[in-house]
$ cat protein-v5.csv   # CSV, C-alpha atoms
chain,number,residue,atom,x,y,z
A,1,GLU,CA,0.0,0.0,0.0
A,2,PRO,CA,1.4,3.4,-0.9
A,3,GLU,CA,2.5,5.5,2.1
A,4,VAL,CA,3.9,8.9,3.0
A,5,THR,CA,7.5,8.7,3.9
A,6,GLN,CA,9.5,11.1,6.0
A,7,THR,CA,13.2,11.7,6.7
A,8,PRO,CA,14.9,11.9,9.1
A,9,SER,CA,13.1,9.9,11.7
A,10,HIS,CA,14.9,11.8,14.4
A,11,GLN,CA,17.1,14.9,14.4
A,12,VAL,CA,18.9,16.7,17.2
A,13,THR,CA,19.9,20.3,16.4
A,14,GLN,CA,21.3,23.2,18.3
A,15,MET,CA,19.1,26.2,19.0
A,16,GLY,CA,19.4,28.8,16.2
A,17,GLN,CA,20.3,26.2,13.5
A,18,GLU,CA,18.3,25.6,10.3
A,19,VAL,CA,16.5,22.4,9.9
A,20,ILE,CA,14.9,20.8,6.9
A,21,LEU,CA,12.4,18.0,7.3
A,22,ARG,CA,11.6,16.0,4.2
A,23,CYS,CA,8.6,14.2,3.0
A,24,VAL,CA,7.5,12.1,0.0
A,25,PRO,CA,3.7,12.2,-0.2
A,26,ILE,CA,1.7,9.5,-1.9
A,27,SER,CA,2.3,9.9,-5.6
A,28,ASN,CA,-1.1,10.8,-6.9
A,29,HIS,CA,-2.0,13.0,-4.1
A,30,LEU,CA,-2.6,16.7,-4.6
A,31,TYR,CA,-2.9,18.2,-1.1
A,32,PHE,CA,0.0,18.2,1.3
A,33,TYR,CA,0.2,19.1,5.0
A,34,TRP,CA,2.5,19.5,7.9
A,35,TYR,CA,1.3,18.9,11.5
A,36,ARG,CA,3.2,18.8,14.7
A,37,GLN,CA,2.8,17.2,18.1
A,38,ILE,CA,4.6,18.5,21.1
A,39,LEU,CA,5.3,15.7,23.5
A,40,GLY,CA,2.1,14.8,25.4
A,41,GLN,CA,0.0,17.4,23.6
A,42,LYS,CA,-2.5,17.3,20.8
A,43,VAL,CA,-1.7,17.2,17.1
A,44,GLU,CA,-1.7,20.7,15.6
A,45,PHE,CA,-2.1,21.9,12.1
A,46,LEU,CA,0.8,23.9,10.7
A,47,VAL,CA,0.2,24.4,7.0
A,48,SER,CA,-1.5,23.0,3.9
A,49,PHE,CA,-0.2,23.2,0.4
A,50,TYR,CA,-1.9,22.8,-3.0
A,51,ASN,CA,-1.0,23.6,-6.5
A,52,ASN,CA,2.5,24.8,-5.5
A,53,GLU,CA,1.4,27.3,-2.9
A,54,ILE,CA,0.3,27.5,0.7
A,55,SER,CA,-3.5,27.3,0.9
A,56,GLU,CA,-3.7,27.8,4.6
A,57,LYS,CA,-1.4,28.2,7.6
A,58,SER,CA,-1.9,28.4,11.3
A,59,GLU,CA,-0.7,30.9,13.8
A,60,ILE,CA,2.2,28.6,14.7
A,61,PHE,CA,3.5,28.8,11.1
A,62,ASP,CA,5.3,32.1,11.4
A,63,ASP,CA,8.2,33.6,9.4
A,64,GLN,CA,10.6,31.0,10.7
A,65,PHE,CA,8.8,28.3,8.8
A,66,SER,CA,8.6,27.7,5.1
A,67,VAL,CA,7.5,24.9,2.9
A,68,GLU,CA,8.6,23.9,-0.6
A,69,ARG,CA,7.9,21.3,-3.2
A,70,PRO,CA,11.2,21.5,-5.0
A,71,ASP,CA,10.5,18.7,-7.5
A,72,GLY,CA,7.6,16.4,-8.4
A,73,SER,CA,8.0,14.1,-5.4
A,74,ASN,CA,9.4,15.9,-2.3
A,75,PHE,CA,7.7,18.2,0.1
A,76,THR,CA,9.9,20.0,2.7
A,77,LEU,CA,9.4,21.9,5.9
A,78,LYS,CA,12.2,24.3,6.8
A,79,ILE,CA,12.7,25.9,10.2
A,80,ARG,CA,15.1,28.8,9.7
A,81,SER,CA,16.3,29.4,13.2
A,82,THR,CA,15.1,26.7,15.6
A,83,LYS,CA,14.0,27.4,19.1
A,84,LEU,CA,13.7,25.1,22.1
A,85,GLU,CA,9.9,25.2,21.8
A,86,ASP,CA,10.1,23.8,18.2
A,87,SER,CA,11.0,20.4,19.7
A,88,ALA,CA,8.2,18.2,18.6
A,89,MET,CA,7.1,15.3,16.3
A,90,TYR,CA,6.5,16.7,12.8
A,91,PHE,CA,4.0,14.8,10.6
A,92,CYS,CA,3.7,15.1,6.9
A,93,ALA,CA,0.4,14.2,5.4
A,94,SER,CA,-1.3,14.0,2.0
A,95,THR,CA,-4.7,13.5,0.5
A,96,PRO,CA,-5.8,12.9,-3.1
A,97,ARG,CA,-8.1,15.9,-3.4
A,98,GLY,CA,-9.9,18.5,-1.4
A,99,GLU,CA,-13.1,16.7,-0.5
A,100,SER,CA,-14.1,16.4,3.1
A,101,GLY,CA,-14.6,12.7,3.0
A,102,ASN,CA,-11.1,12.0,1.8
A,103,THR,CA,-8.7,10.3,4.2
A,104,ILE,CA,-5.6,12.3,5.1
A,105,TYR,CA,-2.7,9.9,5.2
A,106,PHE,CA,0.2,10.6,7.6
A,107,GLY,CA,3.8,9.7,7.6
A,108,GLU,CA,5.5,8.2,10.6
A,109,GLY,CA,6.8,11.5,11.7
A,110,SER,CA,10.2,13.2,12.2
A,111,TRP,CA,11.1,13.8,15.8
A,112,LEU,CA,13.0,17.1,16.2
A,113,THR,CA,14.9,17.8,19.4
A,114,VAL,CA,16.3,21.3,19.8
A,115,VAL,CA,19.0,21.6,22.4
B,116,GLY,CA,-14.5,27.5,14.8
B,117,ASN,CA,-14.1,23.7,14.7
B,118,SER,CA,-13.2,21.8,17.9
B,119,VAL,CA,-13.1,18.3,19.1
B,120,THR,CA,-13.5,17.3,22.8
B,121,GLN,CA,-12.3,13.9,23.8
B,122,MET,CA,-12.6,11.9,27.0
B,123,GLU,CA,-9.7,12.6,29.3
B,124,GLY,CA,-7.2,9.9,29.8
B,125,PRO,CA,-5.4,7.8,30.6
B,126,VAL,CA,-7.7,4.9,30.4
B,127,THR,CA,-6.6,1.5,31.8
B,128,LEU,CA,-8.6,-1.6,31.2
B,129,SER,CA,-8.2,-5.3,31.6
B,130,GLU,CA,-8.0,-7.5,28.5
B,131,GLU,CA,-11.4,-8.4,27.1
B,132,ALA,CA,-13.1,-5.5,28.7
B,133,PHE,CA,-15.6,-3.2,26.8
B,134,LEU,CA,-14.1,0.1,25.7
B,135,THR,CA,-15.8,3.4,25.1
B,136,ILE,CA,-13.8,6.6,24.4
B,137,ASN,CA,-16.1,9.6,24.1
B,138,CYS,CA,-15.8,12.3,21.5
B,139,THR,CA,-18.0,15.3,20.8
B,140,TYR,CA,-17.4,18.0,18.2
B,141,THR,CA,-18.3,21.5,17.2
B,142,ALA,CA,-18.2,22.3,13.5
B,143,THR,CA,-19.7,24.4,10.8
B,144,GLY,CA,-21.7,22.4,8.3
B,145,TYR,CA,-21.5,18.7,8.2
B,146,PRO,CA,-18.0,17.5,8.9
B,147,SER,CA,-16.4,14.2,8.2
B,148,LEU,CA,-15.3,12.4,11.4
B,149,PHE,CA,-12.2,10.3,12.0
B,150,TRP,CA,-10.5,8.2,14.6
B,151,TYR,CA,-6.7,8.0,14.3
B,152,VAL,CA,-4.5,5.7,16.4
B,153,GLN,CA,-0.9,6.2,17.4
B,154,TYR,CA,0.9,3.0,18.6
B,155,PRO,CA,4.0,3.5,20.8
B,156,GLY,CA,6.8,4.9,18.7
B,157,GLU,CA,4.8,5.1,15.5
B,158,GLY,CA,3.0,7.7,13.5
B,159,LEU,CA,-0.7,8.4,13.1
B,160,GLN,CA,-2.8,5.7,11.4
B,161,LEU,CA,-6.4,6.1,10.3
B,162,LEU,CA,-8.5,3.7,12.3
B,163,LEU,CA,-12.0,4.5,10.9
B,164,LYS,CA,-14.1,7.3,9.5
B,165,ALA,CA,-17.7,8.4,8.9
B,166,THR,CA,-18.6,11.0,6.4
B,167,LYS,CA,-22.3,11.6,7.1
B,168,ALA,CA,-24.9,11.4,9.8
B,169,ASP,CA,-25.8,7.9,11.0
B,170,ASP,CA,-22.8,6.4,9.2
B,171,LYS,CA,-20.9,3.8,11.2
B,172,GLY,CA,-17.2,3.4,10.7
B,173,SER,CA,-15.6,0.2,11.7
B,174,ASN,CA,-12.2,-1.5,11.7
B,175,LYS,CA,-10.3,-4.1,13.7
B,176,GLY,CA,-13.3,-4.6,16.0
B,177,PHE,CA,-13.6,-0.9,16.7
B,178,GLU,CA,-16.8,1.0,15.8
B,179,ALA,CA,-18.0,4.6,15.9
B,180,THR,CA,-21.3,6.0,14.8
B,181,TYR,CA,-21.7,9.6,13.5
B,182,ARG,CA,-24.5,11.1,15.7
B,183,LYS,CA,-25.5,14.5,14.4
B,184,GLU,CA,-28.2,15.0,17.0
B,185,THR,CA,-25.7,14.7,19.8
B,186,THR,CA,-22.6,15.9,17.8
B,187,SER,CA,-20.8,12.8,18.9
B,188,PHE,CA,-18.5,10.1,17.5
B,189,HIS,CA,-17.8,7.8,20.4
B,190,LEU,CA,-15.3,4.9,19.8
B,191,GLU,CA,-16.3,1.5,21.1
B,192,LYS,CA,-14.8,-2.0,21.1
B,193,GLY,CA,-16.5,-5.0,22.6
B,194,SER,CA,-13.4,-6.9,23.8
B,195,VAL,CA,-10.0,-5.1,23.9
B,196,GLN,CA,-6.6,-6.7,23.6
B,197,VAL,CA,-3.2,-5.8,24.9
B,198,SER,CA,-2.2,-4.9,21.3
B,199,ASP,CA,-4.9,-2.1,21.4
B,200,SER,CA,-2.7,-0.1,23.8
B,201,ALA,CA,-2.2,3.2,22.0
B,202,VAL,CA,-3.2,6.8,21.9
B,203,TYR,CA,-6.5,7.4,20.2
B,204,PHE,CA,-7.3,10.7,18.5
B,205,CYS,CA,-10.8,11.9,17.4
B,206,ALA,CA,-10.7,14.3,14.5
B,207,LEU,CA,-12.8,16.1,12.0
B,208,ILE,CA,-12.7,17.9,8.7
B,209,SER,CA,-15.2,20.5,8.0
B,210,ASN,CA,-16.8,20.4,4.6
B,211,PHE,CA,-16.5,24.1,4.2
B,212,GLY,CA,-13.4,25.3,2.5
B,213,ASN,CA,-10.1,24.0,3.8
B,214,GLU,CA,-9.2,20.4,4.4
B,215,LYS,CA,-7.3,20.6,7.6
B,216,LEU,CA,-7.9,18.1,10.4
B,217,THR,CA,-8.9,19.4,13.8
B,218,PHE,CA,-7.8,16.9,16.4
B,219,GLY,CA,-8.9,16.2,20.0
B,220,THR,CA,-6.3,16.0,22.7
B,221,GLY,CA,-6.0,12.2,22.4
B,222,THR,CA,-6.8,9.4,24.9
B,223,ARG,CA,-4.1,7.1,26.0
B,224,LEU,CA,-5.4,3.5,26.4
B,225,THR,CA,-3.5,0.9,28.3
B,226,ILE,CA,-4.7,-2.7,28.3
B,227,ILE,CA,-3.4,-5.0,31.0
B,228,PRO,CA,-3.4,-8.8,30.7
$ encode --input "protein-v5.csv" --output "structure tokens"
Amino acid sequence: EPEVTQTPSHQVTQMGQEVILRCVPISNHLYFYWYRQILGQKVEFLVSFYNNEISEKSEIFDDQFSVERPDGSNFTLKIRSTKLEDSAMYFCASTPRGESGNTIYFGEGSWLTVV
Amino acid sequence: GNSVTQMEGPVTLSEEAFLTINCTYTATGYPSLFWYVQYPGEGLQLLLKATKADDKGSNKGFEATYRKETTSFHLEKGSVQVSDSAVYFCALISNFGNEKLTFGTGTRLTIIP
């Protein structure tokens, strides 16, 4: 069964460093997302992406965050200057098209630790 | 705005016990409703979903019925197993505009032999 894949599975970085998290969505999907989950807390929406542009972003997704689809397969989340509070599990997700009944498929997550 | 309220955890049950995890929601329009499961050390997996009122989603012995009148989507299983130990998230997508999932806080379930 096709799946969303994410790399790295775990990254430790120093505060202030740039981090890029990578995702390969399911190949025929058109909508892409990043969510995050701070340890022990709920899963929070960060950003959605469609047709090579951001379609919606949350308050969390400030100027330190950016997303890109550099080629036909990858979808990346960049954090420009990491803060301690960016430590979280980051989930990439995709869905075939924008209909409310569609399932959103998640990757296994990238665990980011900022020290 | 949209919101999901889930039963507070953690929940600890003995094997073969009956499970209910309550979930209620607030949303504009007629949302689609989901239960996701997160096993220890893993990502989010879709457990089941329902897209309209009175639909019942089911998978792996779990069931949930979309109740529009009570705005609820409670998760049930008749006989839980140790392997069901995980965190369960109720979530919705509104059918107006964007496709982002709104999650509940999650309920940690531990099944003891």
$ residues_around --input "protein-v5.csv" --residues "segment 22-37 of chain A" --least-positions-apart "5" --cutoff "9 Å" --atoms "only C-alpha atoms" --output "VMD selection string"
(chain A and resid 2 to 8 42 to 51 67 72 to 78 87 to 98 104 to 107 109 to 110) or (chain B and resid 214 to 215)
$ interface_residues --input "protein-v5.csv" --of "chain B" --to "chain A" --cutoff "8 Å" --atoms "all atoms listed in the file" --output "list in words"
Pro146, Ser147, Glu157, Gly158, Leu159, Gln160, Leu161, Ala165, Thr166, Ile208, Ser209, Asn210, Asn213, Glu214, Lys215, Leu216, Thr217, Phe218, Gly219, Thr220 and Gly221 of chain B
$ write_last_selection --input "protein-v5.csv" --atoms "C-alpha atoms" --output "PDB file, keeping the file's coordinate frame"
ATOM      1  CA  PRO B 146     -18.000  17.500   8.900  1.00  0.00           C
ATOM      2  CA  SER B 147     -16.400  14.200   8.200  1.00  0.00           C
ATOM      3  CA  GLU B 157       4.800   5.100  15.500  1.00  0.00           C
ATOM      4  CA  GLY B 158       3.000   7.700  13.500  1.00  0.00           C
ATOM      5  CA  LEU B 159      -0.700   8.400  13.100  1.00  0.00           C
ATOM      6  CA  GLN B 160      -2.800   5.700  11.400  1.00  0.00           C
ATOM      7  CA  LEU B 161      -6.400   6.100  10.300  1.00  0.00           C
ATOM      8  CA  ALA B 165     -17.700   8.400   8.900  1.00  0.00           C
ATOM      9  CA  THR B 166     -18.600  11.000   6.400  1.00  0.00           C
ATOM     10  CA  ILE B 208     -12.700  17.900   8.700  1.00  0.00           C
ATOM     11  CA  SER B 209     -15.200  20.500   8.000  1.00  0.00           C
ATOM     12  CA  ASN B 210     -16.800  20.400   4.600  1.00  0.00           C
ATOM     13  CA  ASN B 213     -10.100  24.000   3.800  1.00  0.00           C
ATOM     14  CA  GLU B 214      -9.200  20.400   4.400  1.00  0.00           C
ATOM     15  CA  LYS B 215      -7.300  20.600   7.600  1.00  0.00           C
ATOM     16  CA  LEU B 216      -7.900  18.100  10.400  1.00  0.00           C
ATOM     17  CA  THR B 217      -8.900  19.400  13.800  1.00  0.00           C
ATOM     18  CA  PHE B 218      -7.800  16.900  16.400  1.00  0.00           C
ATOM     19  CA  GLY B 219      -8.900  16.200  20.000  1.00  0.00           C
ATOM     20  CA  THR B 220      -6.300  16.000  22.700  1.00  0.00           C
ATOM     21  CA  GLY B 221      -6.000  12.200  22.400  1.00  0.00           C
TER      22      GLY B 221
END
$ residues_near_point --input "protein-v5.csv" --point "(10.5, 30.4, 7.4)" --cutoff "10 Å" --atoms "all atoms listed in the file" --output "ChimeraX atom specification"
/A:18,61-67,77-81
$ closest_residue --input "protein-v5.csv" --among "B:Thr127, B:Thr120, B:Tyr181, B:Gly193" --to "Thr225 of chain B" --atoms "all atoms listed in the file"
B:Thr127
$ residues_around --input "protein-v5.csv" --residues "segment 195-205 of chain B" --least-positions-apart "6" --cutoff "9 Å" --atoms "all atoms listed in the file" --output "PyMOL selection string"
(chain A and resi 42-43) or (chain B and resi 119-121+128-134+136-139+148-155+159+162+176+188-189+217-228)
$ write_last_selection --input "protein-v5.csv" --atoms "C-alpha atoms" --output "compact mmCIF listing (two decimals), in the frame of the given file"
# COMPACT_ATOMS: atom_id res chain seq x y z
CA LYS A 42 -2.50 17.30 20.80
CA VAL A 43 -1.70 17.20 17.10
CA VAL B 119 -13.10 18.30 19.10
CA THR B 120 -13.50 17.30 22.80
CA GLN B 121 -12.30 13.90 23.80
CA LEU B 128 -8.60 -1.60 31.20
CA SER B 129 -8.20 -5.30 31.60
CA GLU B 130 -8.00 -7.50 28.50
CA GLU B 131 -11.40 -8.40 27.10
CA ALA B 132 -13.10 -5.50 28.70
CA PHE B 133 -15.60 -3.20 26.80
CA LEU B 134 -14.10 0.10 25.70
CA ILE B 136 -13.80 6.60 24.40
CA ASN B 137 -16.10 9.60 24.10
CA CYS B 138 -15.80 12.30 21.50
CA THR B 139 -18.00 15.30 20.80
CA LEU B 148 -15.30 12.40 11.40
CA PHE B 149 -12.20 10.30 12.00
CA TRP B 150 -10.50 8.20 14.60
CA TYR B 151 -6.70 8.00 14.30
CA VAL B 152 -4.50 5.70 16.40
CA GLN B 153 -0.90 6.20 17.40
CA TYR B 154 0.90 3.00 18.60
CA PRO B 155 4.00 3.50 20.80
CA LEU B 159 -0.70 8.40 13.10
CA LEU B 162 -8.50 3.70 12.30
CA GLY B 176 -13.30 -4.60 16.00
CA PHE B 188 -18.50 10.10 17.50
CA HIS B 189 -17.80 7.80 20.40
CA THR B 217 -8.90 19.40 13.80
CA PHE B 218 -7.80 16.90 16.40
CA GLY B 219 -8.90 16.20 20.00
CA THR B 220 -6.30 16.00 22.70
CA GLY B 221 -6.00 12.20 22.40
CA THR B 222 -6.80 9.40 24.90
CA ARG B 223 -4.10 7.10 26.00
CA LEU B 224 -5.40 3.50 26.40
CA THR B 225 -3.50 0.90 28.30
CA ILE B 226 -4.70 -2.70 28.30
CA ILE B 227 -3.40 -5.00 31.00
CA PRO B 228 -3.40 -8.80 30.70
$ residues_around --input "protein-v5.csv" --residues "Phe177 of chain B" --least-positions-apart "6" --cutoff "7 Å" --atoms "all atoms listed in the file" --output "PyMOL selection string"
chain B and resi 190-192
